[in-house]
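Student: Here's a structure for you.
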Amino acid sequence: MRRRTDHPARRPRTADEGVALVTVLGTMAVVTLFLLSSLALVIGQAPKARTDQDAKAAVAAAQAGIDEYVARLTANDSYWTLGADAANPAFTTGRTIQGSAGRAASYRYQLLSTAEETARNGVIRLQATGTSSPGAGAPGVSRTLTATLQPKGFLRFIYFSDVEVLDPELFYSRTSVTVNGNSYWNSGTHGTRYRYVDEGSGVPVACGGYYYAGRSAPTYAAASYPVRVLDTWSNSLTGTVVSTGTVAGFTCLEIQWASGDIVQGPLHSNDALQVGGSPLFTDPVTESSWTNPPDPSRRWWNSGQPLLSSGGTQGYWPVYAAPLAMPNGNSELLKYVEPRIDDPSAAAGPGCLYTGQTRITFQGSTMQVYSPSTTNAPSRCLDTSNRANVQTKTVPPVIYVNDTASCGSLDTSKMTVPRSGEWTGGITTDYSCGRGTAVVQGTVDGQVTVAAKDDVVVTGDVLAADGATGTDMVGLVAGSYVWVYHPVDSSGNNLLSSSSSVHTIQAAVLSLRHSFLVQNWQYGAALSSTSSTSSKLNVLGSISQRYRGPVGTGNSSGPTSGYLKNYVYDQRLKNLQPPYFLKPAATPWQVVTVTDK
């Protein structure tokens, strides 16, 4: 019997039969190609990424080299005078910075400035090269940075003071004091006849300290500075000397920042500022070295408060900054003059050394010199055989006036000070001919620093020929005082009219032991008016001094004697300085700029 077999009906074929498989295979091919391309790109970029990583490591190593050199300057701020220190491998073979996975980077550096250039312009230029070490068989990558270094010095400020008090040596020749609370010696027997007095020894020392270090309530030990006994009946000192007990009962002549005072530029004081009104400090760099004020946000004392804005101008409160130590003197500048009295065997410097009172009148690139007590000088500085006369010489980079025990025959008509009828018994310059005093005025076409062992006296305007817009630069550095000439007669009347007086000083001024001030500022009619800027004492530059110096007196109606002030910071001093200008003792060097090679 035959079986019947049934077959299923066949599905008719369509036009897209097999397309899905082709699509899947095509997609896989595209993805594979993409992955292979990506892999090839990644593999190709790996060396570039490695190189970029090594370059960054090299830059970091170069920066580490700059930081290491700055650290050496911090430890010894005169390290730059050694030049390429042979004992420092960073100047020769380089120094290694150990990294991870056994890899290390290295740096080496070289000075682009000489010690002479740094002494003259106050700038160190350092080039540091860092090299990465990517591993065996691979080349290292090097990058070079060039840094400009400058110290945080006096030239960074329009105003710098060490102690915010009037110079004690100007005021305390005889001061009434108490000893262990008693004003009179042996008062039980003699009543008020015998008064304890300080003869200008202990009181100036006590008043010469910082406000936060005891000047707010000054005392001193009689054992250190013995007290004298004054007979008030005869107004003469007795032979009694008291050398035991605590001396007090005196006050210091404080000076304050008041309403109307405006400082247009950076300011720093190692002392606490006294603010008695509402002064305006227009620069964020307004600094005090008072570390522990009662209110941490107020780094000044007294009841006033600096303005935070005035007429659209922003104001600032003082902030803390570390103190800057004043040098003890300016004898450092003797290295840069001729003859070298500091070291006769050393090479002569480019500057000029004069002795005894010396007058310098600048006339562009030349100067008139009158120095009758100078007996040893190169002819470029002075013809000593003709020293009795005024001579014209080329302006050197440094002028230093030293003292002498042997005075020449001084003609006051050529020195021009003191003038006829001038009273020399007030608070003014000691015109003894043997003192190291520089008498200066005039216009300078070039760069010069005038230094004096004792005083600098400015008898006329001191100007930069380019109007302080180019590279002309003047420095005035006094071991004692920088005086603005203001002669008066014995009755206290001005000998010069306002139009004949000093009104403009375009210079960096530094008084190391005392002050920048006006002679006899409390005498005579006022030389300034509130409505005339040109009549004020206009300083474009910087002023640095041990103590604050007065320039005039006044009341609510305006000035009554001397000058009103108009002090403006010379912005060029951030990058340019007078030749061989002094910097603070042990000052930190700072990186000002860093460029890629």
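The chains in the structure tokens are called A, B, ... from first to last as shown; in each chain the residues are counted from 1, and the ligands are counted from 1 in the order shown.
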Residues at most 8 Å from Tyr159 of chain A, counting only C-alpha atoms, excluding those fewer than 6 positions away in the same chain, as a PyMOL selection string?
Tutor: chain A and resi 265-268+542-544
Student: Skip Asp167 of chain A itself and residues of its chain fewer than 3 positions away, then list as a PyMOL selection string all residues within 9 Å of it, counting only C-alpha atoms.
Tutor: chain A and resi 163+170-171+204+207-208+253+514-515+546-549
Student: Save out the residues we just selected, N, CA and C atoms, as a CSV table (one decimal), in the first residue's frame.
Tutor:
chain,number,residue,atom,x,y,z
A,163,VAL,N,61.0,104.0,62.2
A,163,VAL,CA,60.3,104.4,63.4
A,163,VAL,C,59.4,105.6,63.1
A,170,LEU,N,66.8,115.4,67.6
A,170,LEU,CA,66.5,116.8,67.4
A,170,LEU,C,65.8,117.6,68.5
A,171,PHE,N,65.3,116.8,69.5
A,171,PHE,CA,64.4,117.5,70.4
A,171,PHE,C,64.8,117.3,71.9
A,204,PRO,N,66.3,109.9,74.3
A,204,PRO,CA,66.3,109.6,72.8
A,204,PRO,C,66.3,108.1,72.5
A,207,CYS,N,62.7,106.8,73.2
A,207,CYS,CA,61.7,107.3,72.2
A,207,CYS,C,62.1,106.9,70.8
A,208,GLY,N,63.3,106.3,70.6
A,208,GLY,CA,63.7,105.8,69.3
A,208,GLY,C,63.3,104.4,69.0
A,253,LEU,N,57.6,112.4,71.1
A,253,LEU,CA,57.0,113.3,70.2
A,253,LEU,C,56.5,112.5,69.0
A,514,HIS,N,68.8,109.1,60.3
A,514,HIS,CA,67.9,110.2,60.8
A,514,HIS,C,66.7,110.4,59.9
A,515,SER,N,66.6,111.6,59.3
A,515,SER,CA,65.4,111.9,58.6
A,515,SER,C,65.6,112.7,57.3
A,546,ARG,N,65.0,106.8,58.7
A,546,ARG,CA,64.9,106.1,60.0
A,546,ARG,C,63.8,106.6,60.8
A,547,TYR,N,63.6,108.0,60.9
A,547,TYR,CA,62.5,108.6,61.6
A,547,TYR,C,61.8,109.5,60.7
A,548,ARG,N,60.6,109.8,61.0
A,548,ARG,CA,59.8,110.8,60.2
A,548,ARG,C,60.3,112.2,60.4
A,549,GLY,N,60.5,112.9,59.3
A,549,GLY,CA,61.0,114.2,59.4
A,549,GLY,C,59.9,115.3,59.0
Student: Within 6 Å of Thr374 of chain A, counting only C-alpha atoms, which residues show up once you throw out same-chain ones fewer than 2 positions away? Write them as a list of chain:residue names, please.
Tutor: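 My reading of the contact set: A:Tyr354, A:Thr355, A:Ser371, A:Pro372, A:Asn376.
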Student: Find the residues near Ala464 of chain A: any atom within 7 Å, counting only C-alpha atoms, skip ones fewer than 6 places away on the same chain, and give them as a PyMOL selection string.
Tutor: chain A and resi 443-445+472-473+506
Student: Would you mind exporting C-alpha atoms of the selected residues as a PDB file, in the first residue's frame?
Tutor:
ATOM      1  CA  THR A 443      69.264 119.015  36.438  1.00  0.00           C
ATOM      2  CA  VAL A 444      70.782 115.607  35.673  1.00  0.00           C
ATOM      3  CA  ASP A 445      71.028 114.107  32.210  1.00  0.00           C
ATOM      4  CA  ASP A 472      67.509 109.700  33.909  1.00  0.00           C
ATOM      5  CA  MET A 473      67.698 108.848  37.599  1.00  0.00           C
ATOM      6  CA  GLN A 506      62.867 114.079  41.443  1.00  0.00           C
TER       7      GLN A 506
END
Student: Skip Val448 of chain A itself and residues of its chain fewer than 5 positions away, then list as a PyMOL selection string all residues within 7 Å of it, counting only C-alpha atoms.
Tutor: chain A and resi 396-398+473-475+578-579
